[in-house]
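Novice: TSV, C-alpha atoms, file model-v9.tsv:
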chain	number	residue	atom	x	y	z
A	80	ASP	CA	186.10	-5.42	36.96
A	81	GLY	CA	184.88	-2.90	34.42
A	82	GLY	CA	185.71	0.69	35.00
A	83	ILE	CA	187.62	3.82	34.13
A	84	THR	CA	191.20	4.42	35.14
A	85	GLN	CA	193.04	7.71	35.14
A	86	SER	CA	196.73	8.25	35.62
A	87	PRO	CA	198.64	9.70	37.22
A	88	LYS	CA	196.72	10.61	40.38
A	89	TYR	CA	198.88	13.74	40.78
A	90	LEU	CA	200.77	15.55	38.04
A	91	PHE	CA	203.12	18.50	38.24
A	92	ARG	CA	203.69	20.84	35.35
A	93	LYS	CA	206.49	23.28	34.86
A	94	GLU	CA	206.03	26.57	33.04
A	95	GLY	CA	205.94	26.12	29.28
A	96	GLN	CA	205.56	22.36	29.51
A	97	ASN	CA	202.92	20.18	27.88
A	98	VAL	CA	201.59	17.33	30.00
A	99	THR	CA	199.32	14.43	29.11
A	100	LEU	CA	196.66	12.88	31.32
A	101	SER	CA	195.67	9.30	30.64
A	102	CYS	CA	192.12	7.92	30.59
A	103	GLU	CA	191.33	4.28	29.85
A	104	GLN	CA	188.00	2.46	30.02
A	105	ASN	CA	187.07	-1.20	29.63
A	106	LEU	CA	183.30	-0.67	29.66
A	107	ASN	CA	183.06	-0.90	25.86
A	108	HIS	CA	181.63	2.62	25.79
A	109	ASP	CA	181.67	4.60	22.58
A	110	ALA	CA	181.55	8.06	24.16
A	111	MET	CA	184.22	9.60	26.37
A	112	TYR	CA	184.48	13.01	28.03
A	113	TRP	CA	186.98	15.26	29.80
A	114	TYR	CA	185.88	17.68	32.51
A	115	ARG	CA	187.72	20.26	34.55
A	116	GLN	CA	186.73	20.89	38.18
A	117	ASP	CA	187.82	23.97	40.12
A	118	PRO	CA	187.18	24.48	43.86
A	119	GLY	CA	183.62	25.54	44.54
A	120	GLN	CA	182.58	25.12	40.93
A	121	GLY	CA	180.78	22.46	39.03
A	122	LEU	CA	182.29	20.44	36.24
A	123	ARG	CA	183.02	22.10	32.92
A	124	LEU	CA	183.33	20.12	29.69
A	125	ILE	CA	186.68	20.36	27.90
A	126	TYR	CA	186.33	17.84	25.04
A	127	TYR	CA	184.19	14.87	24.18
A	128	SER	CA	184.34	12.04	21.68
A	129	GLN	CA	181.46	9.93	20.46
A	130	ILE	CA	183.48	7.59	18.27
A	131	VAL	CA	187.05	6.66	17.48
A	132	ASN	CA	188.97	9.27	15.47
A	133	ASP	CA	186.39	11.95	16.12
A	134	PHE	CA	186.06	14.51	18.92
A	135	GLN	CA	184.44	17.87	19.59
A	136	LYS	CA	185.29	20.89	21.69
A	137	GLY	CA	183.38	21.53	24.86
A	138	ASP	CA	182.91	24.79	26.72
A	139	ILE	CA	186.55	25.37	27.70
A	140	ALA	CA	188.73	23.67	25.05
A	141	GLU	CA	191.29	26.45	24.67
A	142	GLY	CA	194.74	25.32	25.79
A	143	TYR	CA	193.84	21.62	25.64
A	144	SER	CA	194.08	18.91	22.99
A	145	VAL	CA	192.87	15.30	22.76
A	146	SER	CA	193.10	12.24	20.56
A	147	ARG	CA	190.92	9.17	20.19
A	148	GLU	CA	192.86	6.53	18.33
A	149	LYS	CA	191.38	3.62	20.26
A	150	LYS	CA	187.94	3.07	21.68
A	151	GLU	CA	189.37	2.42	25.14
A	152	SER	CA	191.60	5.47	25.39
A	153	PHE	CA	191.05	9.24	25.40
A	154	PRO	CA	194.20	11.09	26.53
A	155	LEU	CA	194.10	14.80	27.33
A	156	THR	CA	197.10	17.08	26.75
A	157	VAL	CA	197.32	20.30	28.71
A	158	THR	CA	199.43	22.59	26.56
A	159	SER	CA	201.57	25.54	27.54
A	160	ALA	CA	198.82	27.75	26.12
A	161	GLN	CA	196.64	26.89	29.12
A	162	LYS	CA	197.70	29.61	31.53
A	163	ASN	CA	195.77	28.40	34.54
A	164	PRO	CA	195.94	24.61	34.44
A	165	THR	CA	195.76	23.92	38.19
A	166	ALA	CA	192.56	21.90	38.64
A	167	PHE	CA	191.10	18.45	39.14
A	168	TYR	CA	190.53	16.66	35.82
A	169	LEU	CA	187.85	14.02	35.46
A	170	CYS	CA	187.33	11.60	32.61
A	171	ALA	CA	183.96	9.95	31.98
A	172	SER	CA	182.43	7.53	29.52
A	173	SER	CA	178.98	6.40	28.44
A	174	THR	CA	177.23	4.45	25.74
A	175	SER	CA	176.31	6.41	22.66
A	176	GLN	CA	172.60	6.28	23.44
A	177	ALA	CA	171.00	9.59	24.29
A	178	ARG	CA	170.57	10.37	27.98
A	179	GLU	CA	172.70	7.51	29.17
A	180	THR	CA	174.56	7.69	32.45
A	181	GLN	CA	178.12	8.94	32.40
A	182	TYR	CA	180.54	6.98	34.56
A	183	PHE	CA	183.56	8.74	36.01
A	184	GLY	CA	187.16	7.88	36.66
A	185	PRO	CA	188.97	8.74	39.92
A	186	GLY	CA	190.50	11.96	38.57
A	187	THR	CA	193.93	13.53	38.14
A	188	ARG	CA	195.01	16.58	40.12
A	189	LEU	CA	197.28	18.86	38.11
A	190	LEU	CA	199.52	21.29	39.93
A	191	VAL	CA	201.89	23.90	38.57
A	192	LEU	CA	205.44	24.13	39.92
B	176	ALA	CA	169.72	25.25	26.19
B	177	GLN	CA	169.88	23.62	29.58
B	178	SER	CA	171.08	24.76	32.97
B	179	VAL	CA	171.12	23.65	36.60
B	180	THR	CA	171.06	25.69	39.79
B	181	GLN	CA	171.89	24.20	43.17
B	182	LEU	CA	170.76	26.43	45.98
B	183	GLY	CA	173.23	26.49	48.84
B	184	SER	CA	176.89	25.74	48.20
B	185	HIS	CA	177.18	24.43	51.77
B	186	VAL	CA	174.59	22.60	53.85
B	187	SER	CA	175.15	21.49	57.43
B	188	VAL	CA	172.94	18.99	59.27
B	189	SER	CA	173.18	17.00	62.47
B	190	GLU	CA	173.57	13.26	62.36
B	191	GLY	CA	170.12	11.70	62.19
B	192	ALA	CA	168.48	14.82	60.76
B	193	LEU	CA	166.77	15.17	57.40
B	194	VAL	CA	168.98	15.95	54.42
B	195	LEU	CA	167.54	18.22	51.73
B	196	LEU	CA	169.70	19.35	48.82
B	197	ARG	CA	168.02	21.58	46.26
B	198	CYS	CA	168.28	21.42	42.49
B	199	ASN	CA	166.36	23.44	39.91
B	200	TYR	CA	166.81	22.92	36.20
B	201	SER	CA	166.02	24.59	32.93
B	202	SER	CA	165.53	22.58	29.77
B	203	SER	CA	163.73	23.18	26.50
B	204	VAL	CA	162.75	19.52	26.21
B	205	PRO	CA	161.87	16.85	28.79
B	206	PRO	CA	165.05	16.35	30.74
B	207	TYR	CA	166.88	13.44	32.22
B	208	LEU	CA	168.27	14.40	35.64
B	209	PHE	CA	171.08	12.96	37.70
B	210	TRP	CA	172.50	13.27	41.19
B	211	TYR	CA	176.14	12.39	41.71
B	212	VAL	CA	178.19	12.26	44.92
B	213	GLN	CA	181.89	13.07	45.19
B	214	TYR	CA	184.08	12.19	48.16
B	215	PRO	CA	187.32	14.15	48.63
B	216	ASN	CA	189.85	13.64	45.84
B	217	GLN	CA	187.68	11.05	44.10
B	218	GLY	CA	185.59	10.85	40.98
B	219	LEU	CA	181.82	11.18	40.82
B	220	GLN	CA	179.55	8.29	41.72
B	221	LEU	CA	175.98	8.07	40.48
B	222	LEU	CA	173.39	8.31	43.28
B	223	LEU	CA	170.24	8.21	41.17
B	224	LYS	CA	168.75	9.12	37.81
B	225	TYR	CA	165.37	10.40	36.63
B	226	THR	CA	164.30	8.94	33.30
B	227	SER	CA	160.59	9.89	33.22
B	228	ALA	CA	159.48	6.41	34.31
B	229	ALA	CA	158.57	7.56	37.84
B	230	THR	CA	158.67	10.95	39.51
B	231	LEU	CA	160.04	9.59	42.79
B	232	VAL	CA	163.42	8.02	42.24
B	233	LYS	CA	165.21	5.93	44.83
B	234	GLY	CA	168.97	5.73	44.78
B	235	ILE	CA	171.83	4.27	46.70
B	236	ASN	CA	172.69	4.91	50.36
B	237	GLY	CA	169.07	5.73	51.25
B	238	PHE	CA	168.79	8.82	49.06
B	239	GLU	CA	165.81	9.66	46.92
B	240	ALA	CA	164.73	12.55	44.70
B	241	GLU	CA	161.40	13.76	43.40
B	242	PHE	CA	160.92	15.24	39.95
B	243	LYS	CA	158.45	18.14	39.98
B	244	LYS	CA	157.84	19.47	36.50
B	245	SER	CA	155.70	22.40	37.67
B	246	GLU	CA	158.52	23.59	39.92
B	247	THR	CA	161.35	22.50	37.55
B	248	SER	CA	162.96	20.90	40.57
B	249	PHE	CA	164.69	17.66	41.42
B	250	HIS	CA	165.59	17.94	45.11
B	251	LEU	CA	167.60	15.22	46.84
B	252	THR	CA	166.54	13.95	50.26
B	253	LYS	CA	167.52	11.43	52.89
B	254	PRO	CA	165.45	10.93	56.05
B	255	SER	CA	168.36	10.49	58.43
B	256	ALA	CA	171.89	11.78	57.83
B	257	HIS	CA	174.90	9.65	58.60
B	258	MET	CA	178.44	10.85	59.11
B	259	SER	CA	179.47	8.95	55.97
B	260	ASP	CA	177.13	11.16	53.89
B	261	ALA	CA	179.53	14.09	54.23
B	262	ALA	CA	180.59	14.80	50.64
B	263	GLU	CA	179.89	17.08	47.70
B	264	TYR	CA	176.74	16.49	45.69
B	265	PHE	CA	176.16	17.48	42.08
B	266	CYS	CA	172.93	17.73	40.16
B	267	ALA	CA	173.15	17.38	36.37
B	268	VAL	CA	170.79	17.53	33.41
B	269	THR	CA	170.79	16.29	29.86
B	270	ASN	CA	168.13	16.85	27.25
B	271	GLY	CA	169.20	14.18	24.81
B	272	ASN	CA	171.45	16.50	22.85
B	273	ALA	CA	173.98	15.18	20.40
B	274	GLY	CA	176.94	13.95	22.37
B	275	ASN	CA	174.88	13.14	25.47
B	276	MET	CA	176.39	16.16	27.18
B	277	LEU	CA	175.63	16.84	30.81
B	278	THR	CA	175.28	20.27	32.36
B	279	PHE	CA	176.24	20.34	36.04
B	280	GLY	CA	175.19	22.54	38.88
B	281	GLY	CA	177.83	24.18	41.04
B	282	GLY	CA	177.63	21.50	43.71
B	283	THR	CA	176.56	21.44	47.36
B	284	ARG	CA	178.95	20.42	50.10
B	285	LEU	CA	177.11	18.49	52.80
B	286	MET	CA	178.55	18.58	56.30
B	287	VAL	CA	177.22	16.24	59.00
B	288	LYS	CA	177.70	17.19	62.65
B	289	PRO	CA	177.88	14.50	65.32
Spit out the file's structure as C-alpha cells when you get a sec.
Specialist:
Amino acid sequence: DGGITQSPKYLFRKEGQNVTLSCEQNLNHDAMYWYRQDPGQGLRLIYYSQIVNDFQKGDIAEGYSVSREKKESFPLTVTSAQKNPTAFYLCASSTSQARETQYFGPGTRLLVL
Amino acid sequence: AQSVTQLGSHVSVSEGALVLLRCNYSSSVPPYLFWYVQYPNQGLQLLLKYTSAATLVKGINGFEAEFKKSETSFHLTKPSAHMSDAAEYFCAVTNGNAGNMLTFGGGTRLMVKP
C-alpha cells in the first residue's frame, strides 16, 4: 500500500542532544513537508522540499535542519538550538503540481527528558 | 498572502444533531480549500477539497462543505453527528504559491455527546 511512514512514534530528547525524525513515502511524490503541531494550535510549516537536493525554510525553521538526498526520504533533525522542541511533528507529501492535496504521515511525538 | 480563521476552538453537539464547523479564509487569488480530520495521536486525513469545479463539495463520512466567495467562507457540515465524528478538524487554504504550501486554521475540536 502506498503511504507515508514516520518513525519513531515517540522520541525522547535529552538537553543538548540532536535527534532525527524519519519520514519515508512511497507515493512517488516530488514534494515533502515538515509541520510542527502544538496543543490548541494549527500546523506550522518548518521546512519543505520540492525536489531532491533542494529545500526551503518555512515559518519556524530555526533550530531545525533537513536533508533530501532521496526522493522517498525527508528526515528532520531537531537540534540543541531548538529550546522548546516538545510537540507533535507531522510529515506530508504531494505531487509538485500547484494546489495538489498534501497527504500526511502518522506523526512523531517528541518529548524532552 | 493567505490566512484561515476557524471560529470556535471547541464545538459540542449531541449524537444525531447537525454538525457545523466554521472556516473563513483570506486569499489574494482564487483559493483551493481543504478540510482535514485528525483523531488523537494520528496524522491528518483529507475529508474534502474545493477546487473551483463545484461550490458544494461532498467528502467522506457524510461531510460536505460549501464555498461562498461573497462570504469568504468554507463551512463544514454533517446532517447527523455520530460518536465516531469526535476529532479535531482543520481547514486549510492554498493559493497555488510556489511550493504548494498550505496555511492552516487553528483547528476545531468536535465533541459528540451521547
Novice: At a cut-off of 12 Å, which residues of chain A touch chain B? Count all atoms listed in the file and give the answer as a PyMOL selection string.
Specialist: chain A and resi 82-85+88-89+109-130+133-138+166-189
Novice: For a quick check of understanding, using all atoms listed in the file, which of B:Tyr200, B:Pro215, B:Phe249, B:Phe242 has the smallest distance to Ala228 in chain B?
Specialist: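 Going through B:Tyr200, B:Pro215, B:Phe249, B:Phe242 one by one, the smallest distance to Ala228 in chain B is for B:Phe242.
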Novice: To one decimal place in Å, what is the distance between CA of Lys253 in chain B and CA of Val194 in chain B?
Specialist: 5.0 Å
Novice: To one decimal in Å, tell me the separation between CA of Glu190 in chain B and CA of Leu231 in chain B.
Specialist: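 Spanning CA of Glu190 in chain B to CA of Leu231 in chain B is a straight-line distance of 24.1 Å.
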Novice: Between CA of Phe153 in chain A and CA of Tyr225 in chain B, what is the spacing in Å?
Specialist: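 One can read the CA of Tyr225 in chain B to CA of Phe153 in chain A distance as 28.1 Å.
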Novice: Please provide the set of residues having any atom within 7 Å of Thr156 in chain A, restricted to all atoms listed in the file, with same-chain residues fewer than 2 positions apart removed, written as a ChimeraX atom specification.
Specialist: /A:97-100,143-145,154,158
Novice: Name all residues at most 9 Å from Ala160 in chain A (count all atoms listed in the file; drop same-chain ones fewer than 3 positions away) and give them as a list in words.
Specialist: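 My list of contacting residues is Gly95, Asn97, Glu141, Gly142, Tyr143, Val157 and Asn163 of chain A.
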Novice: Could you save those same residues with C-alpha atoms as a PDB file, in the coordinates of the input?
Specialist:
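As written to disk, out.pdb reads:
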ATOM      1  CA  GLY A  95     205.940  26.120  29.280  1.00  0.00           C
ATOM      2  CA  ASN A  97     202.920  20.180  27.880  1.00  0.00           C
ATOM      3  CA  GLU A 141     191.290  26.450  24.670  1.00  0.00           C
ATOM      4  CA  GLY A 142     194.740  25.320  25.790  1.00  0.00           C
ATOM      5  CA  TYR A 143     193.840  21.620  25.640  1.00  0.00           C
ATOM      6  CA  VAL A 157     197.320  20.300  28.710  1.00  0.00           C
ATOM      7  CA  ASN A 163     195.770  28.400  34.540  1.00  0.00           C
TER       8      ASN A 163
END
Novice: Extract, using only C-alpha atoms, all DNA, RNA and protein residues at most 6 Å from His250 in chain B, discarding same-chain residues fewer than 2 positions from it, and format them as JSON, numbers by chain.
Specialist: {"B": [196, 197, 198, 240]}
Novice: What's around Gly234 in chain B at 6 Å? Count all atoms listed in the file, leave out sequence neighbours fewer than 2 positions away in its own chain, and write the answer as a list in words.
Specialist: Leu222, Leu223, Phe238 and Glu239 of chain B
Novice: Just add all heavy atoms to range 128-139 of chain A and send it as a PDB file, keeping the file's coordinate frame.
Specialist:
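As written to disk, rebuild04.pdb reads:
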ATOM      1  N   SER A 128     184.176  12.865  22.882  1.00  0.00           N
ATOM      2  CA  SER A 128     184.340  12.040  21.680  1.00  0.00           C
ATOM      3  C   SER A 128     183.230  11.000  21.673  1.00  0.00           C
ATOM      4  O   SER A 128     183.006  10.318  22.667  1.00  0.00           O
ATOM      5  CB  SER A 128     185.695  11.353  21.695  1.00  0.00           C
ATOM      6  OG  SER A 128     185.770  10.351  20.694  1.00  0.00           O
ATOM      7  N   GLN A 129     182.537  10.903  20.567  1.00  0.00           N
ATOM      8  CA  GLN A 129     181.460   9.930  20.460  1.00  0.00           C
ATOM      9  C   GLN A 129     181.896   8.658  19.734  1.00  0.00           C
ATOM     10  O   GLN A 129     181.188   7.651  19.784  1.00  0.00           O
ATOM     11  CB  GLN A 129     180.281  10.540  19.719  1.00  0.00           C
ATOM     12  CG  GLN A 129     179.611  11.681  20.477  1.00  0.00           C
ATOM     13  CD  GLN A 129     178.472  12.274  19.680  1.00  0.00           C
ATOM     14  OE1 GLN A 129     178.643  13.218  18.918  1.00  0.00           O
ATOM     15  NE2 GLN A 129     177.287  11.728  19.862  1.00  0.00           N
ATOM     16  N   ILE A 130     183.038   8.735  19.047  1.00  0.00           N
ATOM     17  CA  ILE A 130     183.480   7.590  18.270  1.00  0.00           C
ATOM     18  C   ILE A 130     184.978   7.742  18.019  1.00  0.00           C
ATOM     19  O   ILE A 130     185.514   8.866  18.070  1.00  0.00           O
ATOM     20  CB  ILE A 130     182.684   7.502  16.951  1.00  0.00           C
ATOM     21  CG1 ILE A 130     182.830   6.130  16.321  1.00  0.00           C
ATOM     22  CG2 ILE A 130     183.091   8.624  16.017  1.00  0.00           C
ATOM     23  CD1 ILE A 130     181.858   5.903  15.173  1.00  0.00           C
ATOM     24  N   VAL A 131     185.614   6.638  17.746  1.00  0.00           N
ATOM     25  CA  VAL A 131     187.050   6.660  17.480  1.00  0.00           C
ATOM     26  C   VAL A 131     187.360   7.603  16.318  1.00  0.00           C
ATOM     27  O   VAL A 131     186.610   7.699  15.354  1.00  0.00           O
ATOM     28  CB  VAL A 131     187.542   5.227  17.160  1.00  0.00           C
ATOM     29  CG1 VAL A 131     189.003   5.240  16.725  1.00  0.00           C
ATOM     30  CG2 VAL A 131     187.373   4.341  18.377  1.00  0.00           C
ATOM     31  N   ASN A 132     188.458   8.332  16.479  1.00  0.00           N
ATOM     32  CA  ASN A 132     188.970   9.270  15.470  1.00  0.00           C
ATOM     33  C   ASN A 132     188.079  10.479  15.240  1.00  0.00           C
ATOM     34  O   ASN A 132     188.185  11.145  14.200  1.00  0.00           O
ATOM     35  CB  ASN A 132     189.230   8.552  14.134  1.00  0.00           C
ATOM     36  CG  ASN A 132     190.377   7.566  14.207  1.00  0.00           C
ATOM     37  OD1 ASN A 132     191.381   7.820  14.883  1.00  0.00           O
ATOM     38  ND2 ASN A 132     190.235   6.435  13.531  1.00  0.00           N
ATOM     39  N   ASP A 133     187.234  10.763  16.217  1.00  0.00           N
ATOM     40  CA  ASP A 133     186.390  11.950  16.120  1.00  0.00           C
ATOM     41  C   ASP A 133     186.199  12.532  17.511  1.00  0.00           C
ATOM     42  O   ASP A 133     185.987  11.792  18.484  1.00  0.00           O
ATOM     43  CB  ASP A 133     185.036  11.601  15.520  1.00  0.00           C
ATOM     44  CG  ASP A 133     184.202  12.848  15.264  1.00  0.00           C
ATOM     45  OD1 ASP A 133     184.742  13.820  14.685  1.00  0.00           O
ATOM     46  OD2 ASP A 133     183.023  12.865  15.647  1.00  0.00           O
ATOM     47  N   PHE A 134     186.274  13.866  17.637  1.00  0.00           N
ATOM     48  CA  PHE A 134     186.060  14.510  18.920  1.00  0.00           C
ATOM     49  C   PHE A 134     185.618  15.953  18.684  1.00  0.00           C
ATOM     50  O   PHE A 134     185.844  16.521  17.606  1.00  0.00           O
ATOM     51  CB  PHE A 134     187.312  14.461  19.807  1.00  0.00           C
ATOM     52  CG  PHE A 134     188.589  14.869  19.110  1.00  0.00           C
ATOM     53  CD1 PHE A 134     188.941  16.201  18.974  1.00  0.00           C
ATOM     54  CD2 PHE A 134     189.450  13.897  18.615  1.00  0.00           C
ATOM     55  CE1 PHE A 134     190.112  16.563  18.341  1.00  0.00           C
ATOM     56  CE2 PHE A 134     190.635  14.252  17.975  1.00  0.00           C
ATOM     57  CZ  PHE A 134     190.968  15.591  17.830  1.00  0.00           C
ATOM     58  N   GLN A 135     184.963  16.510  19.685  1.00  0.00           N
ATOM     59  CA  GLN A 135     184.440  17.870  19.590  1.00  0.00           C
ATOM     60  C   GLN A 135     184.861  18.683  20.803  1.00  0.00           C
ATOM     61  O   GLN A 135     185.019  18.150  21.902  1.00  0.00           O
ATOM     62  CB  GLN A 135     182.902  17.861  19.523  1.00  0.00           C
ATOM     63  CG  GLN A 135     182.332  17.483  18.163  1.00  0.00           C
ATOM     64  CD  GLN A 135     182.420  15.986  17.929  1.00  0.00           C
ATOM     65  OE1 GLN A 135     182.149  15.209  18.824  1.00  0.00           O
ATOM     66  NE2 GLN A 135     182.812  15.616  16.733  1.00  0.00           N
ATOM     67  N   LYS A 136     184.970  19.985  20.597  1.00  0.00           N
ATOM     68  CA  LYS A 136     185.290  20.890  21.690  1.00  0.00           C
ATOM     69  C   LYS A 136     184.093  21.066  22.601  1.00  0.00           C
ATOM     70  O   LYS A 136     182.948  21.108  22.144  1.00  0.00           O
ATOM     71  CB  LYS A 136     185.704  22.256  21.138  1.00  0.00           C
ATOM     72  CG  LYS A 136     187.006  22.236  20.360  1.00  0.00           C
ATOM     73  CD  LYS A 136     187.352  23.637  19.866  1.00  0.00           C
ATOM     74  CE  LYS A 136     188.676  23.626  19.103  1.00  0.00           C
ATOM     75  NZ  LYS A 136     189.032  24.985  18.609  1.00  0.00           N
ATOM     76  N   GLY A 137     184.404  21.182  23.887  1.00  0.00           N
ATOM     77  CA  GLY A 137     183.380  21.530  24.860  1.00  0.00           C
ATOM     78  C   GLY A 137     183.415  23.014  25.144  1.00  0.00           C
ATOM     79  O   GLY A 137     183.803  23.818  24.299  1.00  0.00           O
ATOM     80  N   ASP A 138     183.045  23.374  26.360  1.00  0.00           N
ATOM     81  CA  ASP A 138     182.910  24.790  26.720  1.00  0.00           C
ATOM     82  C   ASP A 138     184.241  25.494  26.949  1.00  0.00           C
ATOM     83  O   ASP A 138     184.342  26.709  26.805  1.00  0.00           O
ATOM     84  CB  ASP A 138     182.053  24.914  27.974  1.00  0.00           C
ATOM     85  CG  ASP A 138     180.659  24.347  27.775  1.00  0.00           C
ATOM     86  OD1 ASP A 138     180.109  24.536  26.670  1.00  0.00           O
ATOM     87  OD2 ASP A 138     180.144  23.708  28.710  1.00  0.00           O
ATOM     88  N   ILE A 139     185.282  24.733  27.324  1.00  0.00           N
ATOM     89  CA  ILE A 139     186.550  25.370  27.700  1.00  0.00           C
ATOM     90  C   ILE A 139     187.737  24.656  27.052  1.00  0.00           C
ATOM     91  O   ILE A 139     188.698  24.298  27.702  1.00  0.00           O
ATOM     92  CB  ILE A 139     186.715  25.407  29.234  1.00  0.00           C
ATOM     93  CG1 ILE A 139     186.602  23.997  29.838  1.00  0.00           C
ATOM     94  CG2 ILE A 139     185.688  26.321  29.876  1.00  0.00           C
ATOM     95  CD1 ILE A 139     187.097  23.923  31.281  1.00  0.00           C
TER      96      ILE A 139
END
